[in-house]
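**Student:** I am sharing run-v5.cif, which consists of mmCIF, C-alpha atoms:
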data_data
#
loop_
_atom_site.label_atom_id
_atom_site.label_comp_id
_atom_site.auth_asym_id
_atom_site.auth_seq_id
_atom_site.Cartn_x
_atom_site.Cartn_y
_atom_site.Cartn_z
CA MET A 600 -12.96 -35.68 21.05
CA SER A 601 -10.30 -35.16 23.64
CA ALA A 602 -9.88 -32.24 25.95
CA VAL A 603 -7.94 -29.26 24.66
CA ASN A 604 -5.38 -28.58 27.31
CA ARG A 605 -3.40 -25.54 28.12
CA ASP A 606 -0.70 -25.03 25.52
CA TRP A 607 2.48 -25.08 27.56
CA THR A 608 4.42 -23.44 24.72
CA SER A 609 2.21 -20.40 25.19
CA HIS A 610 1.97 -20.08 28.94
CA PRO A 611 4.58 -19.21 31.57
CA ALA A 612 6.07 -21.76 33.95
CA TYR A 613 4.96 -21.65 37.59
CA ILE A 614 8.48 -20.98 38.82
CA HIS A 615 10.20 -18.11 37.01
CA PRO A 616 13.04 -17.02 39.32
CA ALA A 617 13.46 -13.57 37.74
CA TYR A 618 9.98 -12.86 39.13
CA LYS A 619 10.99 -13.46 42.70
CA SER A 620 7.60 -14.12 44.28
CA THR A 621 7.15 -17.21 42.10
CA VAL A 622 9.94 -19.04 43.92
CA LEU A 623 7.91 -19.74 47.08
CA ARG A 624 4.46 -19.66 45.52
CA GLY A 625 4.53 -21.73 42.35
CA PRO A 626 3.72 -25.46 42.58
CA THR A 627 6.81 -27.63 42.27
CA LYS A 628 5.40 -31.14 41.88
CA PRO A 629 4.23 -32.41 38.48
CA LEU A 630 0.63 -31.58 37.62
CA VAL A 631 -1.67 -34.60 37.67
CA PRO A 632 -3.42 -35.13 34.31
CA LEU A 633 -7.19 -34.85 34.52
CA ALA A 634 -9.40 -36.03 31.68
CA ALA A 635 -12.37 -33.75 31.20
CA THR A 636 -15.51 -34.70 33.08
CA LEU A 637 -18.75 -32.82 33.43
CA SER A 638 -16.96 -30.70 36.02
CA GLU A 639 -14.46 -29.45 33.44
CA ILE A 640 -16.80 -28.84 30.50
CA THR A 641 -19.07 -26.59 32.55
CA GLY A 642 -18.38 -23.25 34.20
CA PRO A 643 -20.01 -20.06 35.42
CA VAL A 644 -22.20 -18.31 32.87
CA TYR A 645 -22.48 -14.54 32.96
CA GLY A 646 -24.68 -12.87 30.38
CA HIS A 647 -25.32 -9.27 29.43
CA ASP A 648 -27.49 -8.87 32.51
CA ALA A 649 -24.34 -9.19 34.65
CA VAL A 650 -22.94 -5.84 33.50
CA GLY A 651 -24.20 -2.32 33.98
CA GLU A 652 -24.48 0.36 31.33
CA LEU A 653 -21.30 2.22 32.29
CA ASP A 654 -19.27 -0.79 33.39
CA SER A 655 -17.21 -0.83 30.17
CA ASP A 656 -16.52 2.92 30.20
CA LEU A 657 -13.85 3.59 32.82
CA THR A 658 -13.77 7.26 31.82
CA LYS A 659 -17.29 7.56 33.21
CA ASN A 660 -17.98 4.80 35.71
CA ALA A 661 -16.30 6.45 38.71
CA ARG A 662 -16.74 10.16 38.04
CA LYS A 663 -17.28 12.32 41.09
CA ASN A 664 -16.68 15.92 40.08
CA GLY A 665 -15.09 15.79 36.64
CA GLU A 666 -13.36 13.68 34.03
CA PRO A 667 -10.44 11.40 34.83
CA ILE A 668 -7.02 12.82 34.03
CA GLY A 669 -5.00 11.17 31.28
CA GLU A 670 -4.95 10.16 27.67
CA ARG A 671 -8.29 8.57 26.75
CA ILE A 672 -8.03 5.32 24.82
CA ILE A 673 -10.36 2.75 23.30
CA VAL A 674 -9.42 -0.92 23.64
CA ALA A 675 -11.42 -3.28 21.46
CA GLY A 676 -11.08 -6.69 19.91
CA ARG A 677 -12.49 -10.16 19.58
CA VAL A 678 -12.44 -13.15 21.88
CA VAL A 679 -11.97 -16.27 19.76
CA ASP A 680 -10.85 -19.87 20.10
CA GLU A 681 -7.77 -21.34 18.46
CA ASN A 682 -9.72 -21.91 15.26
CA ASP A 683 -10.60 -18.20 15.17
CA ARG A 684 -14.23 -18.91 15.97
CA PRO A 685 -15.85 -16.07 17.91
CA LEU A 686 -16.77 -16.67 21.55
CA PRO A 687 -19.94 -14.71 22.26
CA ASN A 688 -21.29 -14.00 25.76
CA THR A 689 -17.85 -14.09 27.31
CA LEU A 690 -17.39 -12.01 30.45
CA ILE A 691 -14.26 -9.82 30.46
CA GLU A 692 -13.27 -8.02 33.64
CA ILE A 693 -10.44 -5.48 33.63
CA TRP A 694 -8.50 -3.45 36.19
CA GLN A 695 -5.60 -1.06 35.82
CA ALA A 696 -3.55 1.79 37.29
CA ASN A 697 -4.55 5.38 36.58
CA ALA A 698 -2.68 7.64 34.15
CA CYS A 699 -0.07 8.37 36.82
CA GLY A 700 0.69 4.72 37.48
CA ARG A 701 -1.24 4.54 40.76
CA TYR A 702 -3.73 1.83 41.65
CA ILE A 703 -6.66 2.71 43.85
CA HIS A 704 -5.86 -0.44 45.86
CA ILE A 705 -5.17 0.23 49.52
CA VAL A 706 -1.82 -1.57 49.51
CA ASP A 707 -0.44 0.46 46.59
CA GLN A 708 2.03 2.81 48.30
CA HIS A 709 3.49 4.30 45.12
CA ASP A 710 3.83 8.06 45.64
CA ALA A 711 1.81 9.13 42.62
CA PRO A 712 -1.55 10.89 42.71
CA ILE A 713 -4.87 9.12 43.08
CA ASP A 714 -7.46 10.38 40.61
CA PRO A 715 -10.77 10.97 42.39
CA ASN A 716 -12.64 10.45 39.13
CA PHE A 717 -11.06 7.15 38.18
CA LEU A 718 -11.47 3.74 39.78
CA GLY A 719 -9.79 1.63 37.10
CA ALA A 720 -12.19 -1.32 37.09
CA GLY A 721 -14.58 -2.36 34.34
CA ARG A 722 -16.28 -5.28 32.67
CA CYS A 723 -18.26 -6.22 29.60
CA VAL A 724 -19.66 -9.25 27.80
CA THR A 725 -18.73 -10.08 24.20
CA ASP A 726 -21.40 -9.74 21.52
CA ALA A 727 -22.56 -12.38 19.02
CA GLN A 728 -19.34 -11.90 16.99
CA GLY A 729 -17.15 -12.19 20.08
CA ARG A 730 -16.44 -8.44 20.08
CA TYR A 731 -15.80 -6.26 23.09
CA GLU A 732 -14.88 -2.63 23.69
CA PHE A 733 -13.61 -0.65 26.67
CA ARG A 734 -13.07 3.07 27.04
CA THR A 735 -10.50 4.11 29.58
CA VAL A 736 -7.36 6.18 30.09
CA LYS A 737 -3.91 4.87 29.29
CA PRO A 738 -2.40 3.43 32.48
CA GLY A 739 0.97 4.78 33.62
CA ALA A 740 4.10 2.76 34.37
CA TYR A 741 4.84 2.17 38.03
CA PRO A 742 7.69 0.90 40.19
CA TRP A 743 7.60 -2.38 42.07
CA GLY A 744 9.81 -4.13 44.55
CA ASN A 745 10.99 -7.14 42.57
CA ASN A 746 14.51 -5.76 42.08
CA HIS A 747 16.37 -2.45 42.06
CA ASN A 748 14.70 0.15 39.83
CA ALA A 749 12.05 -2.28 38.60
CA TRP A 750 9.17 -0.71 36.64
CA ARG A 751 6.16 -2.42 35.15
CA PRO A 752 5.38 -1.60 31.51
CA ASN A 753 2.02 0.09 30.97
CA HIS A 754 -0.61 -2.62 31.11
CA ILE A 755 -4.24 -3.48 31.67
CA HIS A 756 -5.21 -6.62 33.61
CA LEU A 757 -7.89 -8.82 32.03
CA SER A 758 -9.88 -11.75 33.39
CA LEU A 759 -12.05 -14.00 31.20
CA PHE A 760 -14.44 -16.89 31.61
CA GLY A 761 -14.62 -18.96 28.47
CA ALA A 762 -17.15 -21.66 27.68
CA ASP A 763 -16.09 -23.73 30.68
CA PHE A 764 -13.91 -23.59 33.79
CA THR A 765 -10.86 -24.95 31.93
CA ASN A 766 -10.96 -21.86 29.72
CA ARG A 767 -10.34 -19.52 32.63
CA LEU A 768 -7.76 -16.91 31.65
CA VAL A 769 -6.20 -14.04 33.57
CA THR A 770 -3.71 -12.01 31.59
CA GLN A 771 -2.31 -8.54 30.93
CA MET A 772 -2.42 -6.40 27.79
CA TYR A 773 0.56 -4.22 26.91
CA PHE A 774 1.07 -1.31 24.52
CA PRO A 775 3.26 -1.39 21.40
CA GLY A 776 6.87 -0.24 21.62
CA ASP A 777 7.14 -0.10 25.40
CA PRO A 778 10.84 0.39 26.35
CA LEU A 779 10.30 -1.57 29.57
CA PHE A 780 9.52 -4.91 27.90
CA GLU A 781 13.09 -6.17 27.99
CA PHE A 782 13.37 -5.53 31.73
CA ASP A 783 10.04 -6.93 32.89
CA PRO A 784 10.17 -10.47 34.32
CA ILE A 785 6.39 -10.82 34.23
CA PHE A 786 6.18 -10.13 30.49
CA ASN A 787 9.30 -12.21 29.90
CA GLY A 788 7.91 -15.10 31.93
CA VAL A 789 5.99 -15.98 28.76
CA PRO A 790 7.85 -18.15 26.21
CA ALA A 791 9.53 -15.83 23.70
CA GLY A 792 7.45 -16.93 20.73
CA ALA A 793 4.18 -16.06 22.47
CA ARG A 794 4.99 -12.66 24.02
CA ASP A 795 3.77 -10.69 21.00
CA ARG A 796 0.25 -11.97 21.68
CA LEU A 797 0.16 -9.80 24.81
CA ILE A 798 0.81 -6.56 22.91
CA ALA A 799 -2.11 -4.57 21.56
CA ARG A 800 -1.90 -3.01 18.09
CA PHE A 801 -2.57 0.66 17.41
CA ASP A 802 -5.61 0.77 15.14
CA LEU A 803 -6.70 3.85 13.21
CA ASP A 804 -10.04 2.19 12.48
CA ILE A 805 -10.85 2.06 16.18
CA THR A 806 -9.41 5.51 16.85
CA GLU A 807 -12.21 8.10 17.12
CA PRO A 808 -11.61 11.56 15.67
CA GLU A 809 -11.32 14.31 18.27
CA PHE A 810 -11.74 11.75 21.05
CA ALA A 811 -9.26 8.94 21.61
CA LEU A 812 -6.63 6.60 20.14
CA GLY A 813 -7.77 3.05 19.54
CA TYR A 814 -6.00 -0.23 20.20
CA THR A 815 -6.95 -3.70 18.99
CA PHE A 816 -6.37 -6.64 21.29
CA ASP A 817 -7.72 -10.07 20.36
CA ILE A 818 -7.85 -12.74 23.03
CA VAL A 819 -7.50 -16.41 22.08
CA LEU A 820 -8.89 -19.02 24.45
CA ARG A 821 -8.52 -22.77 24.06
CA GLY A 822 -9.84 -24.71 21.13
CA PRO A 823 -13.10 -26.61 20.70
CA LYS A 824 -14.84 -27.55 23.85
CA ALA A 825 -14.03 -30.97 25.14
CA THR A 826 -16.62 -33.64 25.65
CA PRO A 827 -16.55 -35.93 28.67
CA MET A 828 -14.37 -38.97 28.35
CA GLU A 829 -16.22 -42.24 28.02
CA ASP A 830 -14.68 -45.19 29.74
CA MET B 1301 -5.65 -21.20 10.62
CA LYS B 1302 -4.74 -21.96 14.22
CA ARG B 1303 -4.24 -19.00 16.48
CA GLY B 1304 -2.02 -19.34 19.50
CA GLN B 1305 -3.57 -19.16 22.96
CA THR B 1306 -3.23 -15.82 24.69
CA PRO B 1307 -0.61 -16.38 27.39
CA SER B 1308 -1.52 -16.15 31.05
CA GLN B 1309 -0.11 -13.41 33.30
CA THR B 1310 -0.25 -12.97 37.03
CA VAL B 1311 -3.38 -11.58 38.66
CA GLY B 1312 -0.96 -9.34 40.58
CA PRO B 1313 -1.43 -7.74 43.99
CA PHE B 1314 -4.17 -5.29 43.00
CA PHE B 1315 -7.00 -7.48 41.73
CA ALA B 1316 -9.33 -6.72 44.64
CA TYR B 1317 -11.11 -3.65 43.29
CA GLY B 1318 -11.60 -5.30 39.91
CA LEU B 1319 -12.51 -8.89 40.79
CA SER B 1320 -13.85 -8.83 44.36
CA PRO B 1321 -14.63 -5.16 45.03
CA GLU B 1322 -17.47 -5.58 47.50
CA GLN B 1323 -15.45 -7.87 49.77
CA TYR B 1324 -12.77 -5.17 49.97
CA ASN B 1325 -15.22 -2.26 50.15
CA TYR B 1326 -14.42 -0.71 46.80
CA PRO B 1327 -17.25 1.20 45.10
CA PHE B 1328 -17.97 -1.30 42.32
CA GLY B 1329 -20.38 -4.23 42.20
CA SER B 1330 -19.10 -7.80 42.50
CA ILE B 1331 -20.26 -10.54 40.14
CA ALA B 1332 -19.61 -13.12 42.86
CA GLY B 1333 -18.42 -13.43 46.44
CA GLY B 1334 -17.99 -15.99 49.18
CA THR B 1335 -21.67 -16.68 49.75
CA LEU B 1336 -23.16 -18.92 47.07
CA VAL B 1337 -26.53 -19.50 48.74
CA ASP B 1338 -29.63 -17.53 49.61
CA ASP B 1339 -32.57 -18.46 51.84
CA ASP B 1340 -34.23 -20.46 49.07
CA THR B 1341 -31.25 -22.52 47.91
CA GLU B 1342 -31.83 -26.27 48.30
CA GLY B 1343 -29.40 -28.47 50.18
CA ALA B 1344 -27.31 -28.78 53.32
CA ARG B 1345 -25.40 -25.62 54.18
CA ILE B 1346 -21.66 -26.00 54.55
CA ARG B 1347 -18.78 -23.63 55.13
CA VAL B 1348 -15.46 -24.36 53.43
CA MET B 1349 -12.49 -22.38 54.66
CA GLY B 1350 -8.73 -22.51 54.69
CA GLN B 1351 -5.45 -20.75 54.23
CA VAL B 1352 -3.21 -20.59 51.19
CA LEU B 1353 0.34 -21.36 52.34
CA ASP B 1354 3.60 -20.59 50.54
CA GLY B 1355 6.75 -22.74 50.49
CA GLU B 1356 7.67 -21.57 53.98
CA GLY B 1357 4.22 -22.25 55.39
CA THR B 1358 3.33 -18.56 55.58
CA PRO B 1359 -0.30 -17.69 54.87
CA ILE B 1360 -0.63 -15.77 51.60
CA PRO B 1361 -2.70 -12.57 52.04
CA ASP B 1362 -3.19 -11.75 48.36
CA ALA B 1363 -4.50 -14.90 46.72
CA LEU B 1364 -7.82 -15.19 44.92
CA ILE B 1365 -9.73 -18.46 45.20
CA GLU B 1366 -12.60 -19.38 42.89
CA ILE B 1367 -14.89 -22.36 43.21
CA TRP B 1368 -17.26 -23.92 40.69
CA GLN B 1369 -19.64 -26.62 41.87
CA ALA B 1370 -22.77 -28.59 41.20
CA ASN B 1371 -25.88 -28.00 43.29
CA ALA B 1372 -27.20 -30.32 45.99
CA HIS B 1373 -28.70 -32.57 43.29
CA GLY B 1374 -25.37 -32.87 41.47
CA ARG B 1375 -26.43 -30.63 38.60
CA TYR B 1376 -24.27 -27.87 37.12
CA ASN B 1377 -25.99 -24.63 36.19
CA HIS B 1378 -24.54 -24.70 32.68
CA PRO B 1379 -25.95 -25.65 29.24
CA ALA B 1380 -23.46 -28.52 28.81
CA ASP B 1381 -25.13 -30.26 31.75
CA ASP B 1382 -28.47 -31.03 30.12
CA ARG B 1383 -29.45 -34.10 32.09
CA GLN B 1384 -33.16 -34.28 32.72
CA ASP B 1385 -32.94 -36.44 35.80
CA ASN B 1386 -30.97 -33.96 37.89
CA LEU B 1387 -32.82 -30.85 38.98
CA LEU B 1388 -31.64 -27.34 38.41
CA ASP B 1389 -31.95 -25.05 41.40
CA PRO B 1390 -32.91 -21.54 40.26
CA ASN B 1391 -31.42 -20.21 43.51
CA PHE B 1392 -27.97 -21.63 43.00
CA LYS B 1393 -25.43 -20.53 40.40
CA GLY B 1394 -22.49 -22.49 41.76
CA PHE B 1395 -19.68 -19.97 41.40
CA GLY B 1396 -17.84 -18.30 44.27
CA ARG B 1397 -14.84 -15.99 44.44
CA VAL B 1398 -12.96 -14.77 47.50
CA GLY B 1399 -9.66 -12.97 48.09
CA THR B 1400 -7.56 -13.86 51.12
CA GLY B 1401 -6.79 -10.33 52.22
CA THR B 1402 -9.68 -9.39 54.47
CA ARG B 1403 -9.25 -11.61 57.55
CA PRO B 1404 -6.42 -11.58 60.12
CA ASP B 1405 -5.66 -15.23 59.38
CA SER B 1406 -5.74 -14.62 55.59
CA ALA B 1407 -8.25 -17.44 55.19
CA PHE B 1408 -10.77 -17.79 52.39
CA VAL B 1409 -14.32 -18.60 53.44
CA PHE B 1410 -17.14 -19.97 51.26
CA ASP B 1411 -20.69 -20.47 52.45
CA THR B 1412 -22.40 -22.87 50.09
CA VAL B 1413 -24.23 -26.19 49.86
CA LYS B 1414 -22.65 -29.58 49.71
CA PRO B 1415 -22.74 -30.65 46.06
CA GLY B 1416 -24.26 -33.94 44.98
CA SER B 1417 -22.40 -36.48 42.90
CA VAL B 1418 -22.37 -35.10 39.37
CA ASP B 1419 -22.49 -38.28 37.36
CA GLY B 1420 -22.93 -41.16 39.77
CA ARG B 1421 -19.23 -41.92 39.59
CA GLN B 1422 -17.54 -38.84 40.96
CA ALA B 1423 -17.68 -38.09 44.65
CA PRO B 1424 -19.03 -34.70 45.73
CA HIS B 1425 -16.37 -32.06 45.04
CA LEU B 1426 -15.69 -28.41 44.42
CA ASN B 1427 -13.60 -27.36 41.43
CA VAL B 1428 -11.04 -24.76 42.41
CA VAL B 1429 -8.95 -22.15 40.61
CA VAL B 1430 -6.07 -20.62 42.57
CA LEU B 1431 -4.66 -17.24 41.54
CA MET B 1432 -2.19 -14.93 43.25
CA ARG B 1433 0.61 -12.45 42.93
CA GLY B 1434 3.65 -14.59 42.31
CA MET B 1435 1.90 -17.04 40.01
CA LEU B 1436 2.10 -16.33 36.29
CA LEU B 1437 -0.74 -18.71 35.65
CA HIS B 1438 -3.53 -20.09 37.78
CA ALA B 1439 -3.63 -23.59 39.23
CA TYR B 1440 -6.51 -26.07 39.27
CA THR B 1441 -7.35 -28.27 42.20
CA ARG B 1442 -10.43 -29.97 43.71
CA ILE B 1443 -11.89 -30.12 47.19
CA TYR B 1444 -13.39 -33.45 48.30
CA PHE B 1445 -15.01 -34.15 51.69
CA ALA B 1446 -13.63 -36.42 54.42
CA ASP B 1447 -17.09 -37.68 55.39
CA GLU B 1448 -17.64 -39.13 51.88
CA ALA B 1449 -15.09 -41.89 52.31
CA GLU B 1450 -17.02 -44.49 50.31
CA ALA B 1451 -17.66 -42.16 47.38
CA ASN B 1452 -14.09 -40.88 47.50
CA ALA B 1453 -12.77 -44.42 47.26
CA ALA B 1454 -14.68 -44.88 43.99
CA ASP B 1455 -13.92 -41.47 42.50
CA PRO B 1456 -11.95 -41.87 39.24
CA VAL B 1457 -10.13 -38.56 39.57
CA LEU B 1458 -9.03 -39.19 43.14
CA GLN B 1459 -7.98 -42.69 42.16
CA SER B 1460 -5.81 -41.24 39.38
CA VAL B 1461 -3.83 -39.28 41.99
CA PRO B 1462 -0.84 -41.05 43.57
CA ALA B 1463 -2.17 -42.64 46.76
CA GLU B 1464 0.23 -40.80 49.06
CA ARG B 1465 -0.98 -37.42 47.77
CA ARG B 1466 -4.79 -37.99 47.74
CA ASP B 1467 -5.10 -36.68 51.25
CA THR B 1468 -4.17 -33.17 50.06
CA LEU B 1469 -7.50 -32.99 48.21
CA ILE B 1470 -9.72 -33.86 51.17
CA ALA B 1471 -11.37 -31.23 53.36
CA ARG B 1472 -11.70 -32.17 57.05
CA ARG B 1473 -14.65 -31.43 59.27
CA ASP B 1474 -13.79 -28.83 61.87
CA GLU B 1475 -15.62 -30.10 64.95
CA HIS B 1476 -14.78 -27.01 66.98
CA MET B 1477 -16.95 -24.78 64.81
CA ALA B 1478 -20.72 -24.55 64.93
CA GLY B 1479 -22.47 -25.85 61.84
CA GLN B 1480 -20.95 -27.97 59.11
CA VAL B 1481 -17.50 -26.45 58.61
CA TYR B 1482 -14.77 -27.99 56.48
CA ARG B 1483 -11.14 -26.99 56.56
CA PHE B 1484 -9.07 -27.12 53.39
CA ASP B 1485 -5.63 -25.52 53.32
CA ILE B 1486 -3.95 -25.05 49.97
CA ARG B 1487 -0.22 -25.74 50.19
CA MET B 1488 1.61 -24.36 47.20
CA GLN B 1489 4.83 -26.26 47.94
CA GLY B 1490 6.47 -28.68 50.37
CA ASP B 1491 6.02 -32.29 51.42
CA ARG B 1492 2.25 -31.92 51.55
CA GLU B 1493 1.95 -29.76 48.44
CA THR B 1494 -1.66 -29.78 47.28
CA VAL B 1495 -2.28 -31.77 44.12
CA PHE B 1496 -2.79 -29.46 41.14
CA PHE B 1497 -4.24 -30.76 37.91
CA ASP B 1498 -3.30 -30.42 34.28
CA VAL B 1499 -6.66 -29.66 32.73
#
Take the structure I supplied and represent it as structure tokens, if you would.

**Tutor:**
Amino acid sequence: MSAVNRDWTSHPAYIHPAYKSTVLRGPTKPLVPLAATLSEITGPVYGHDAVGELDSDLTKNARKNGEPIGERIIVAGRVVDENDRPLPNTLIEIWQANACGRYIHIVDQHDAPIDPNFLGAGRCVTDAQGRYEFRTVKPGAYPWGNNHNAWRPNHIHLSLFGADFTNRLVTQMYFPGDPLFEFDPIFNGVPAGARDRLIARFDLDITEPEFALGYTFDIVLRGPKATPMED
Amino acid sequence: MKRGQTPSQTVGPFFAYGLSPEQYNYPFGSIAGGTLVDDDTEGARIRVMGQVLDGEGTPIPDALIEIWQANAHGRYNHPADDRQDNLLDPNFKGFGRVGTGTRPDSAFVFDTVKPGSVDGRQAPHLNVVVLMRGMLLHAYTRIYFADEAEANAADPVLQSVPAERRDTLIARRDEHMAGQVYRFDIRMQGDRETVFFDV
């Protein structure tokens, strides 16, 4: 079996000039092919003991004197490989802006309120069926300095470890119908045919009565794990 | 039915409180940091540090560097490495993660052990993932060690790299620092651009 590599029809290029910071930061020389060795078919393992009880509930995990402000949402889905096989015990870490579009990060200078009861960070580990669920508030849009009047669409950042280090994925989840999609060079850095995979789907089955809207977002990592190349 | 891979997006400028909160003093626990060892970990202690430099040679203050490595015996703490002849070290996981924003020189610093050879053919190395604002997908590289010249010369991955670029994958001993300190700068672009792998 050969290694399953990144699918370059799915992923952005390193240099995407509309996203200006890529111009001086993306590698420019051709990548050197690397056949999978033991180093590539292994990777950090984080089980359910790595996450705390409230880690996946961002509406509760940073409360100080009340509930976070904003529209509560539930984000749930499955982590699978390209053959739709569930990937259990997969660590997902997320971070996001608050409902006003402000990150708690010290370098975020956007003049929107910080919410004392919301940090915006969470994590969970997928169950035996590859399922995960987060509770949070819907992040706001926010301006950034890429170009005049640039605004990021509402999004949640996600980081995943798959079965091995080659399955590492950092991505962003967006919400359906966002009017900012056509203007966002980060979203549009993805090949056109793959952009839809970054947009969650409103899901009445996940929506909880009298509590919160639900969104489904499945995450697809690479295909079957590679085995080391013999000579 | 094949499902398409979820596309990568940038880690952005604000990953610190989600991915390395303790390093940046945010009130959330970290799953990993720059110190991979404790008092009971087996093996020779090393420090690996360096800057991440953009196309103009400017140190990048908002990159995130992750390393994955075998222990001092050359064994990975992962089920796919099931060799009986290489010992697991219960006090070594092998994963480290550091952002570059917390030091004046924007360097990353890992305190770890020098890995053993993982399969008798590969020279000791660290596997590295590079993420930052301004990259829409992460890059893979490796860190080898200058004082393993013989093993490096036989390493099949290093040998697959064009000879004139191999040097970009080799960490140098910093003799000015106390202890066993290796310097490894990651150059994103330019004449000495670090080799990044397609894996």

**Student:** Figure out the distance between atom CA of Ala634 of chain A and atom CA of Tyr1482 of chain B, please, to one decimal in Å.

**Tutor:**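 Atom CA of Tyr1482 of chain B sits 26.6 Å away from atom CA of Ala634 of chain A.
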
**Student:** Provide the atom CA of Gly1318 of chain B to atom CA of Val706 of chain A distance in Å, to one decimal place.

**Tutor:**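 These two atoms are separated by 14.2 Å.
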
**Student:** Output the residue selection produced by the PyMOL selection byres ((chain B and resi 1304-1312) around 8) on the file above, formatted as a VMD selection string.

**Tutor:** (chain A and resid 606 609 to 611 680 to 681 756 768 to 771 785 to 786 789 793 to 794 796 to 797 818 to 821) or (chain B and resid 1302 to 1303 1313 to 1315 1431 to 1438)

**Student:** Now that the selection is made, can you save its residues with C-alpha atoms as a compact mmCIF listing (two decimals), in the frame of the given file?

**Tutor:**
# COMPACT_ATOMS: atom_id res chain seq x y z
CA ASP A 606 -0.70 -25.03 25.52
CA SER A 609 2.21 -20.40 25.19
CA HIS A 610 1.97 -20.08 28.94
CA PRO A 611 4.58 -19.21 31.57
CA ASP A 680 -10.85 -19.87 20.10
CA GLU A 681 -7.77 -21.34 18.46
CA HIS A 756 -5.21 -6.62 33.61
CA LEU A 768 -7.76 -16.91 31.65
CA VAL A 769 -6.20 -14.04 33.57
CA THR A 770 -3.71 -12.01 31.59
CA GLN A 771 -2.31 -8.54 30.93
CA ILE A 785 6.39 -10.82 34.23
CA PHE A 786 6.18 -10.13 30.49
CA VAL A 789 5.99 -15.98 28.76
CA ALA A 793 4.18 -16.06 22.47
CA ARG A 794 4.99 -12.66 24.02
CA ARG A 796 0.25 -11.97 21.68
CA LEU A 797 0.16 -9.80 24.81
CA ILE A 818 -7.85 -12.74 23.03
CA VAL A 819 -7.50 -16.41 22.08
CA LEU A 820 -8.89 -19.02 24.45
CA ARG A 821 -8.52 -22.77 24.06
CA LYS B 1302 -4.74 -21.96 14.22
CA ARG B 1303 -4.24 -19.00 16.48
CA PRO B 1313 -1.43 -7.74 43.99
CA PHE B 1314 -4.17 -5.29 43.00
CA PHE B 1315 -7.00 -7.48 41.73
CA LEU B 1431 -4.66 -17.24 41.54
CA MET B 1432 -2.19 -14.93 43.25
CA ARG B 1433 0.61 -12.45 42.93
CA GLY B 1434 3.65 -14.59 42.31
CA MET B 1435 1.90 -17.04 40.01
CA LEU B 1436 2.10 -16.33 36.29
CA LEU B 1437 -0.74 -18.71 35.65
CA HIS B 1438 -3.53 -20.09 37.78

**Student:** Please determine, counting all atoms listed in the file, which residue among A:Asp714, A:Asp683, A:Glu732, A:Asp648 has the shortest atom-to-atom distance to chain B.

**Tutor:**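 Comparing A:Asp714, A:Asp683, A:Glu732, A:Asp648 against chain B, the winner is A:Asp683.
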
**Student:** Edge lengths and centre in Å to one decimal, as AutoDock Vina command-line options, is what I'm after for the box along x, y and z that holds all listed atoms of segment 807-815 of chain A once 6 Å is added on each side.

**Tutor:**
--center_x -9.1 --center_y 5.3 --center_z 18.6 --size_x 18.2 --size_y 30.0 --size_z 17.9

**Student:** Taking the point (-12.1, -8.4, 47.8) as given in the file, collect each protein or nucleic acid residue that comes within 12 Å of it, counting all atoms listed in the file, and present the set as number ranges by chain.

**Tutor:** A: 704-705; B: 1313-1334, 1361-1365, 1396-1403, 1406, 1408-1409

**Student:** Excluding segment 1343-1353 of chain B and any residue of its chain fewer than 3 positions from it, enumerate the residues within 7 Å of it, using all atoms listed in the file, and give them as a list in words.

**Tutor:**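 Non-adjacent residues within range: Gly1357, Thr1358, Pro1359, Ile1360, Ala1372, Ser1406, Ala1407, Phe1408, Val1409, Phe1410, Asp1411, Thr1412, Val1413, Lys1414, Gln1480, Val1481, Tyr1482, Arg1483, Phe1484, Asp1485, Ile1486, Arg1487 and Met1488 of chain B.
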
**Student:** If we count all atoms listed in the file, what is near Leu633 of chain A at a cut-off of 8 Å, once residues fewer than 4 positions away on the same chain are taken out, given as a list in words?

**Tutor:**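 Skipping anything fewer than 4 positions along the chain leaves Val1457, Phe1497, Asp1498 and Val1499 of chain B.
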
**Student:** I want to know what sits within 6 Å of segment 657-672 of chain A, based on only C-alpha atoms, with residues of the same chain fewer than 4 positions away left out; could you give that as a list of chain:residue names?

**Tutor:**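 Residues meeting the cut-off are A:Leu653, A:Ala698, A:Asn716, A:Phe717, A:Leu718, A:Arg734, A:Thr735, A:Val736, A:Lys737, A:Ala811, A:Leu812, A:Gly813.
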
**Student:** Pick out the closest residue to Glu1493 of chain B from this set: B:Glu1342, B:Ile1367, B:Tyr1376, B:Gly1355. Count only C-alpha atoms.

**Tutor:**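 Smallest separation from Glu1493 of chain B among the options: B:Gly1355.
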